[in-house]
Amino acid sequence: MVLAGTLIDGTDRDPSSSAALVIRNGRIWQVASQPQIRPDPTHQTIIDVSHCVVLPGLIDSHCHLFHIGRQYSAPVVSFVAQAVANAALWLDTGTTTVRDVSTRANLDLGLRDAINAGLVRGPRMFCSGSGIASTGGGPLGEEPLRFVLEVTGADEARRAARQQLRAGVDFIKLFATAGLTEGAHPQLTVEEMAAAVDEAHKAGKHAAGHGFFTEGIRNALQAGVDTIEHGSYLDEETVAMMSARDVVLVPTLSILHTMVERGAEWGRPARMIENARQARAAARASVRRAREAGVRIAAGTDPPYRDTVAMECAALVEAGLTPAEAVIAATRRGAEILGRTGDLGTLEPGRRADLIAVAGDPLDDIRALERVELVMKDGVVCGPRARLAEGDA
Ligand SMILES: [Zn+2]
């Protein structure tokens with residue numbers, strides 16, 4: 001049983017004070033106010049975080065666990081070792097689920113399975129495996145740094161999607177444009193993306209459309225993607241399309257901010273920093289426009305520079321979301337994208353017991369999400385590290 005000072009349950013309900021969550025077999029069994037619950041000390045471990053605000057475990061809707069620290073070119077063993085360390089790091093920030101949106105050679109699928117098997121401490125992963133890009137397209141980099149499958153034509157796109165689904169991906173990632181630095185032109189065509197989206201949907205999975213720039217975003221929307229990743233340059237038309245088709249926006253604002261503020265210190269080229277500066281201003285305006293049009297917005301970190309979900313939530317609030325909306329962006333929205341609202345994203349009976357306790361009220365100060373005192377996944381206390389050292393799990 002978890003005793004919470006305040007409970008924000010991830011639904012649209014108001015926060016409740018002095019709540020208790022009874023957990024059985026890794027799931028929420030009962031949520032009630034503390035006086036209504038009679039604890040049975042012989043059968044229940046009581047985790048008292050009544051000095052904290054408890055909320056659903058954070059969901060990072062645009063993560064790359066392999067790319068935190070930006071070790072793209074490392075030999076495979078160190079690349080994987082870094083990802084294992086990153087998985088623990090992300091869990092310690094209160095992120096209990098990540099949507100991992102492409103890395104090289106489908107390595108993310110192996111990490112996902114190792115975490116599920118209990119071999120590695122980390123968040124629950126939903127993975128796209130390598131993304132699909134136009135021949136020569138997608139983010140820059142030569143083999144073995146490439147983390148895309150290259151296709152030309154709808155048949156090849158369909159084949160690549162089928163291969164990825166067969167390999168066990170949870171969704172398909174499509175590069176409608178390149179990164180921020182490689183030019184604003186569209187890449188995969190509507191026909192190519194539509195073929196891949198069709199395969200994903202037939203298999204009951206969703207399709208993510210990576211697009212920074214307007215024309216590529218429009219192509220991805222016409223092809224029927226379920227999310228737009230980044231979406232920095234949305235215009236009235238693309239926002240209206242997203243609203244009409246109920247497509248979720250994952251704006252990844254924080255990384256743009258970090259690139260502008262710290263890019264020079266990290267030796268990033270001046271052109272990249274300037275592109276990020278322009279994109280940051282455009283992306284904030286896009287988020288405001290999308291919010292006003294009722295487009296659902298989810299928090300994603302795109303974390304090569306270690307931007308956390310808490311930092312992304314702060315950036316979303318700066319762009320005009322209320323703190324309550326930012327919390328929903330970092331919890332329930334992720335579950336909606338993944339089609340897992342029966343399991344994840346809220347603290348209601350029947351859901352997995354993924355929760356965090358933070359010092360301070362994120363609805364007053366969103367930065368409270370950075371002060372994580374407890375992480376629970378599937379009903380087991382699994383972070384942060386200092387908490388594990390207490391041995392109170
Ligand atoms: Zn990304």
# chains A, B, ... in the order shown; residues from 1 in each chain; ligands from 1
call {"tool": "residues_around", "arguments": {"residues": "A:Arg166", "least_positions_apart": "4", "cutoff": "12 Å", "atoms": "only C-alpha atoms", "output": "list in words"}}
result
Asn106, Leu109, Ser128, Gly129, Arg159, Ala160, Ala161, Arg162, Asp170, Phe171, Ile172, Glu199, Ala200 and Ala203 of chain A
call {"tool": "residues_around", "arguments": {"residues": "A:Glu191", "least_positions_apart": "2", "cutoff": "8 Å", "atoms": "only C-alpha atoms", "output": "list in words"}}
result
Gly153, Ala154, Thr189, Met193, Ala194, Ala195 and Ala223 of chain A
call {"tool": "select_by_dssp", "arguments": {"residues": "stretch 194-296 of chain A", "states": "helix (DSSP H, G or I)", "output": "PyMOL selection string"}}
result
chain A and resi 194-202+214-223+236-245+253-262+270-292
call {"tool": "residues_around", "arguments": {"residues": "A:Arg38", "least_positions_apart": "5", "cutoff": "12 Å", "atoms": "only C-alpha atoms", "output": "list in words"}}
result
Met1, Ala20, Leu21, Val22, Gln30, Ala32, Ser33, His43, Gln44 and Ile46 of chain A
call {"tool": "write_last_selection", "arguments": {"atoms": "N, CA and C atoms", "output": "CSV table (one decimal), in the first residue's frame"}}
result
chain,number,residue,atom,x,y,z
A,1,MET,N,0.8,-1.2,0.0
A,1,MET,CA,0.0,0.0,0.0
A,1,MET,C,0.9,1.2,0.0
A,20,ALA,N,-4.8,6.7,-0.5
A,20,ALA,CA,-4.0,5.4,-0.3
A,20,ALA,C,-4.3,4.6,-1.6
A,21,LEU,N,-3.2,3.9,-2.0
A,21,LEU,CA,-3.3,3.0,-3.2
A,21,LEU,C,-3.0,1.6,-2.7
A,22,VAL,N,-3.9,0.7,-2.9
A,22,VAL,CA,-3.7,-0.7,-2.5
A,22,VAL,C,-3.3,-1.4,-3.8
A,30,GLN,N,-7.0,-0.8,-5.4
A,30,GLN,CA,-8.0,0.1,-4.9
A,30,GLN,C,-7.4,1.5,-4.7
A,32,ALA,N,-8.4,5.0,-2.6
A,32,ALA,CA,-9.3,5.6,-1.7
A,32,ALA,C,-8.7,6.6,-0.8
A,33,SER,N,-9.5,7.3,0.0
A,33,SER,CA,-8.8,8.2,1.0
A,33,SER,C,-8.4,7.4,2.2
A,43,HIS,N,-0.1,-8.3,6.0
A,43,HIS,CA,-0.1,-8.7,4.6
A,43,HIS,C,0.4,-7.7,3.7
A,44,GLN,N,0.6,-6.4,4.2
A,44,GLN,CA,0.9,-5.4,3.3
A,44,GLN,C,2.2,-4.6,3.7
A,46,ILE,N,3.8,-1.2,3.8
A,46,ILE,CA,3.3,0.2,3.7
A,46,ILE,C,4.4,1.1,3.3
call {"tool": "residues_around", "arguments": {"residues": "A:Arg291", "least_positions_apart": "2", "cutoff": "10 Å", "atoms": "only C-alpha atoms", "output": "PyMOL selection string"}}
result
chain A and resi 239+243+249+285-289+293-297+319-321+325
call {"tool": "residues_near_ligand", "arguments": {"ligand": "ligand 1", "cutoff": "9 Å", "atoms": "only C-alpha atoms and all ligand atoms", "output": "list of chain:residue names"}}
result
A:His62, A:Cys63, A:His64, A:Asp100, A:Val101, A:Ser102, A:Gly179, A:His210, A:Glu229, A:His230, A:Thr252, A:Gly300, A:Thr301, A:Asp302, A:Pro303, A:Pro304
call {"tool": "write_last_selection", "arguments": {"atoms": "C-alpha atoms", "output": "compact mmCIF listing (two decimals), in the first residue's frame"}}
result
# COMPACT_ATOMS: atom_id res chain seq x y z
CA HIS A 62 9.88 10.15 -27.87
CA CYS A 63 12.97 8.50 -26.44
CA HIS A 64 16.18 6.96 -27.77
CA ASP A 100 11.77 4.30 -28.25
CA VAL A 101 11.69 5.80 -31.72
CA SER A 102 14.51 4.10 -33.61
CA GLY A 179 16.83 16.14 -39.13
CA HIS A 210 8.98 12.19 -37.97
CA GLU A 229 7.17 13.66 -33.97
CA HIS A 230 8.74 17.14 -33.54
CA THR A 252 10.27 17.58 -28.31
CA GLY A 300 8.94 13.36 -25.53
CA THR A 301 12.58 14.05 -24.75
CA ASP A 302 14.58 13.11 -27.87
CA PRO A 303 17.42 12.82 -25.37
CA PRO A 304 20.89 12.86 -26.90
call {"tool": "residues_around", "arguments": {"residues": "A:His185", "least_positions_apart": "4", "cutoff": "9 Å", "atoms": "only C-alpha atoms", "output": "ChimeraX atom specification"}}
result
/A:177-178,213,215-216
call {"tool": "residues_around", "arguments": {"residues": "A:Arg340", "least_positions_apart": "2", "cutoff": "12 Å", "atoms": "only C-alpha atoms", "output": "list of chain:residue names"}}
result
A:Ile59, A:Thr97, A:Arg99, A:Phe126, A:Asp170, A:Lys205, A:His206, A:Thr331, A:Arg332, A:Arg333, A:Gly334, A:Ala335, A:Glu336, A:Ile337, A:Leu338, A:Gly342, A:Asp343, A:Leu344, A:Gly345, A:Thr346, A:Arg351, A:Arg352
call {"tool": "residues_around", "arguments": {"residues": "A:Ala105", "least_positions_apart": "3", "cutoff": "12 Å", "atoms": "only C-alpha atoms", "output": "PyMOL selection string"}}
result
chain A and resi 66+72+76+79-80+102+108-111+128-132+143-149+164+167+169
call {"tool": "atom_distance", "arguments": {"atom1": "atom CA of A:Ala283", "atom2": "atom CA of A:Glu261"}}
result
15.8 Å
call {"tool": "closest_residue", "arguments": {"among": "A:Ala326, A:Val260, A:Val358, A:Ala114", "to": "A:Arg277", "atoms": "only C-alpha atoms"}}
result
A:Val260
call {"tool": "select_by_dssp", "arguments": {"residues": "stretch 162-303 of chain A", "states": "strand (DSSP E or B)", "output": "VMD selection string"}}
result
chain A and resid 171 to 175 206 to 211 227 to 230 248 to 250 297
call {"tool": "atom_distance", "arguments": {"atom1": "atom CA of A:Ala81", "atom2": "atom CA of A:Val250"}}
result
27.7 Å
